[in-house]
There are 2 protein chains.
Amino acid sequence: MAIEKVNIAEKLSQINDTWNPRIVGELNGQHVKLTKADGEYVWHKHDNEDEMFLIIKGNFKMELRDKTVEVKPGEFIIIPKGVEHRPVTDGEAQVLLFEPAGTLNTGNVINEFTRPYLQTI
Amino acid sequence: MAIEKVNIAEKLSQINDTWNPRIVGELNGQHVKLTKADGEYVWHKHDNEDEMFLIIKGNFKMELRDKTVEVKPGEFIIIPKGVEHRPVTDGEAQVLLFEPAGTLNTGNVINEFTRPYLQTI
């Protein structure tokens, strides 16, 4: 496979929905994903996967059961496996995710946010 | 361990040298690292690890044996295991790395750039 760089803004410009991660890179069994987010997500956890959220743009908060962490552009947060969390945004936010290939976006919850098949862009 | 966000610029402000990655996060056996870079690195490869370079700031080029890829701030490149590469910058650049924990910075080469023990900041 040819080695090509990825421009994050260009990939984000191809995304016209929210809470629907696209795969933009793969390494060591991990996926790099990009998603747009808007509003309140669903409380969930991942039993076997740690998850990293790197904020590219927007007003993003990570709700945990014991506190809420505001994560600004240029900041990231790692949610360890087993920890319940809920992303919440004020308006549209743009997020880079780093997590094992196969991680289900809603973890232990299956609902209208669940995206079992992710597109690679 | 308490879940805290990481501010990339704040971590970079603690780094006063080049080609000396600091660990700023860990998930799924992978490390998130930050480094400053300046000038020509060493040609090397990693036999067992894919490596991702996300450029935060500066003029960064990834030299491969068959081409050179300019990677700008907001862009990333993934170098698969086994592929020889050499980062080169024009002035100081700031780079976020994703790679498996234990990845040696100079891969199959041991020289003055080699940092066998990385600090966590």
# chains A, B, ... in the order shown; residues from 1 in each chain; ligands from 1

$ interface_residues --of "chain A" --to "chain B" --cutoff "8 Å" --atoms "only C-alpha atoms" --output "VMD selection string"
chain A and resid 3 to 9 25 to 28 49 to 52 69 71 74 to 80 99 to 100

$ residues_around --residues "Gly107 in chain B" --least-positions-apart "5" --cutoff "10 Å" --atoms "only C-alpha atoms" --output "list in words"
Val42, Trp43, His44, Lys45, His46, Asp47, Asn48, Glu49, Lys81, Gly82, Glu84 and Thr114 of chain B

$ residues_around --residues "Thr89 in chain A" --least-positions-apart "3" --cutoff "10 Å" --atoms "only C-alpha atoms" --output "tab-separated table (two decimals) with N, CA and C atoms, in the first residue's frame"
chain	number	residue	atom	x	y	z
A	37	ALA	N	-19.33	15.69	16.12
A	37	ALA	CA	-20.18	15.42	17.28
A	37	ALA	C	-21.03	16.65	17.53
A	38	ASP	N	-22.24	16.43	18.00
A	38	ASP	CA	-23.11	17.58	18.27
A	38	ASP	C	-24.16	17.16	19.30
A	39	GLY	N	-24.07	17.76	20.46
A	39	GLY	CA	-25.06	17.49	21.49
A	39	GLY	C	-24.64	16.40	22.45
A	40	GLU	N	-25.63	15.70	22.98
A	40	GLU	CA	-25.39	14.68	24.00
A	40	GLU	C	-25.32	13.31	23.36
A	41	TYR	N	-24.27	12.60	23.69
A	41	TYR	CA	-24.12	11.22	23.23
A	41	TYR	C	-24.79	10.32	24.26
A	58	GLY	N	-14.15	22.89	18.50
A	58	GLY	CA	-15.45	22.90	19.15
A	58	GLY	C	-15.40	22.85	20.66
A	59	ASN	N	-16.58	22.88	21.24
A	59	ASN	CA	-16.74	22.86	22.70
A	59	ASN	C	-17.16	21.46	23.13
A	60	PHE	N	-16.22	20.76	23.71
A	60	PHE	CA	-16.39	19.34	24.01
A	60	PHE	C	-16.20	19.09	25.50
A	61	LYS	N	-17.12	18.34	26.06
A	61	LYS	CA	-16.96	17.91	27.45
A	61	LYS	C	-17.09	16.41	27.54
A	62	MET	N	-16.24	15.81	28.37
A	62	MET	CA	-16.37	14.39	28.65
A	62	MET	C	-16.96	14.22	30.03
A	70	GLU	N	-13.75	19.33	30.67
A	70	GLU	CA	-13.83	20.08	29.43
A	70	GLU	C	-12.53	19.85	28.67
A	92	GLU	N	-21.35	21.98	17.10
A	92	GLU	CA	-20.56	20.93	16.43
A	92	GLU	C	-19.12	20.92	16.92
A	93	ALA	N	-18.64	19.74	17.21
A	93	ALA	CA	-17.23	19.55	17.55
A	93	ALA	C	-16.63	18.53	16.59
A	94	GLN	N	-15.30	18.58	16.48
A	94	GLN	CA	-14.57	17.65	15.61
A	94	GLN	C	-13.55	16.92	16.47

$ atom_distance --atom1 "CA of Arg65 in chain A" --atom2 "CA of Asn108 in chain A"
15.8 Å

$ select_by_dssp --residues "range 20-97 of chain A" --states "strand (DSSP E or B)" --output "number ranges by chain"
A: 22-27, 30-40, 44, 51-57, 60-64, 68-71, 75-79, 85-97

$ write_last_selection --atoms "C-alpha atoms" --output "PDB file, in the first residue's frame"
ATOM      1  CA  ARG A  22     -14.801   7.316   9.819  1.00  0.00           C
ATOM      2  CA  ILE A  23     -11.582   5.321   9.746  1.00  0.00           C
ATOM      3  CA  VAL A  24      -8.679   7.421   8.472  1.00  0.00           C
ATOM      4  CA  GLY A  25      -5.688   5.350   9.534  1.00  0.00           C
ATOM      5  CA  GLU A  26      -4.636   1.988  10.905  1.00  0.00           C
ATOM      6  CA  LEU A  27      -1.502   0.960  12.772  1.00  0.00           C
ATOM      7  CA  GLN A  30      -5.438   0.356  16.225  1.00  0.00           C
ATOM      8  CA  HIS A  31      -7.673   2.659  14.224  1.00  0.00           C
ATOM      9  CA  VAL A  32      -7.398   6.395  13.832  1.00  0.00           C
ATOM     10  CA  LYS A  33     -10.902   7.763  13.366  1.00  0.00           C
ATOM     11  CA  LEU A  34     -12.486  11.143  12.796  1.00  0.00           C
ATOM     12  CA  THR A  35     -15.972  12.130  13.765  1.00  0.00           C
ATOM     13  CA  LYS A  36     -18.146  15.168  14.099  1.00  0.00           C
ATOM     14  CA  ALA A  37     -20.177  15.420  17.280  1.00  0.00           C
ATOM     15  CA  ASP A  38     -23.114  17.577  18.273  1.00  0.00           C
ATOM     16  CA  GLY A  39     -25.065  17.491  21.493  1.00  0.00           C
ATOM     17  CA  GLU A  40     -25.386  14.683  24.000  1.00  0.00           C
ATOM     18  CA  HIS A  44     -21.466   3.780  27.695  1.00  0.00           C
ATOM     19  CA  GLU A  51     -10.142   5.118  24.000  1.00  0.00           C
ATOM     20  CA  MET A  52      -8.446   8.404  23.209  1.00  0.00           C
ATOM     21  CA  PHE A  53     -10.292  11.570  22.190  1.00  0.00           C
ATOM     22  CA  LEU A  54      -8.190  14.362  20.657  1.00  0.00           C
ATOM     23  CA  ILE A  55     -10.269  17.471  20.138  1.00  0.00           C
ATOM     24  CA  ILE A  56      -9.722  19.270  16.842  1.00  0.00           C
ATOM     25  CA  LYS A  57     -12.443  21.898  17.092  1.00  0.00           C
ATOM     26  CA  PHE A  60     -16.393  19.335  24.009  1.00  0.00           C
ATOM     27  CA  LYS A  61     -16.956  17.915  27.451  1.00  0.00           C
ATOM     28  CA  MET A  62     -16.366  14.387  28.648  1.00  0.00           C
ATOM     29  CA  GLU A  63     -18.822  13.445  31.345  1.00  0.00           C
ATOM     30  CA  LEU A  64     -17.643  10.802  33.788  1.00  0.00           C
ATOM     31  CA  THR A  68     -16.934  16.396  33.918  1.00  0.00           C
ATOM     32  CA  VAL A  69     -13.771  17.299  32.000  1.00  0.00           C
ATOM     33  CA  GLU A  70     -13.826  20.079  29.429  1.00  0.00           C
ATOM     34  CA  VAL A  71     -11.444  19.084  26.642  1.00  0.00           C
ATOM     35  CA  GLU A  75      -6.127  18.648  24.171  1.00  0.00           C
ATOM     36  CA  PHE A  76      -6.856  14.948  24.540  1.00  0.00           C
ATOM     37  CA  ILE A  77      -8.297  12.615  27.114  1.00  0.00           C
ATOM     38  CA  ILE A  78      -7.863   8.864  27.468  1.00  0.00           C
ATOM     39  CA  ILE A  79     -10.784   6.860  28.858  1.00  0.00           C
ATOM     40  CA  HIS A  85     -18.347   8.082  29.900  1.00  0.00           C
ATOM     41  CA  ARG A  86     -20.535  10.354  27.836  1.00  0.00           C
ATOM     42  CA  PRO A  87     -19.278  12.948  25.339  1.00  0.00           C
ATOM     43  CA  VAL A  88     -21.331  16.129  25.232  1.00  0.00           C
ATOM     44  CA  THR A  89     -20.782  19.117  22.972  1.00  0.00           C
ATOM     45  CA  ASP A  90     -22.141  22.623  22.719  1.00  0.00           C
ATOM     46  CA  GLY A  91     -22.591  22.880  18.956  1.00  0.00           C
ATOM     47  CA  GLU A  92     -20.562  20.935  16.434  1.00  0.00           C
ATOM     48  CA  ALA A  93     -17.230  19.549  17.551  1.00  0.00           C
ATOM     49  CA  GLN A  94     -14.575  17.652  15.610  1.00  0.00           C
ATOM     50  CA  VAL A  95     -12.775  14.777  17.258  1.00  0.00           C
ATOM     51  CA  LEU A  96      -9.925  12.419  16.402  1.00  0.00           C
ATOM     52  CA  LEU A  97     -10.259   9.022  18.029  1.00  0.00           C
TER      53      LEU A  97
END

$ atom_distance --atom1 "CA of Leu118 in chain A" --atom2 "CA of Thr106 in chain A"
12.5 Å

$ select_by_dssp --residues "chain B" --states "helix (DSSP H, G or I)" --output "PyMOL selection string"
chain B and resi 8-12
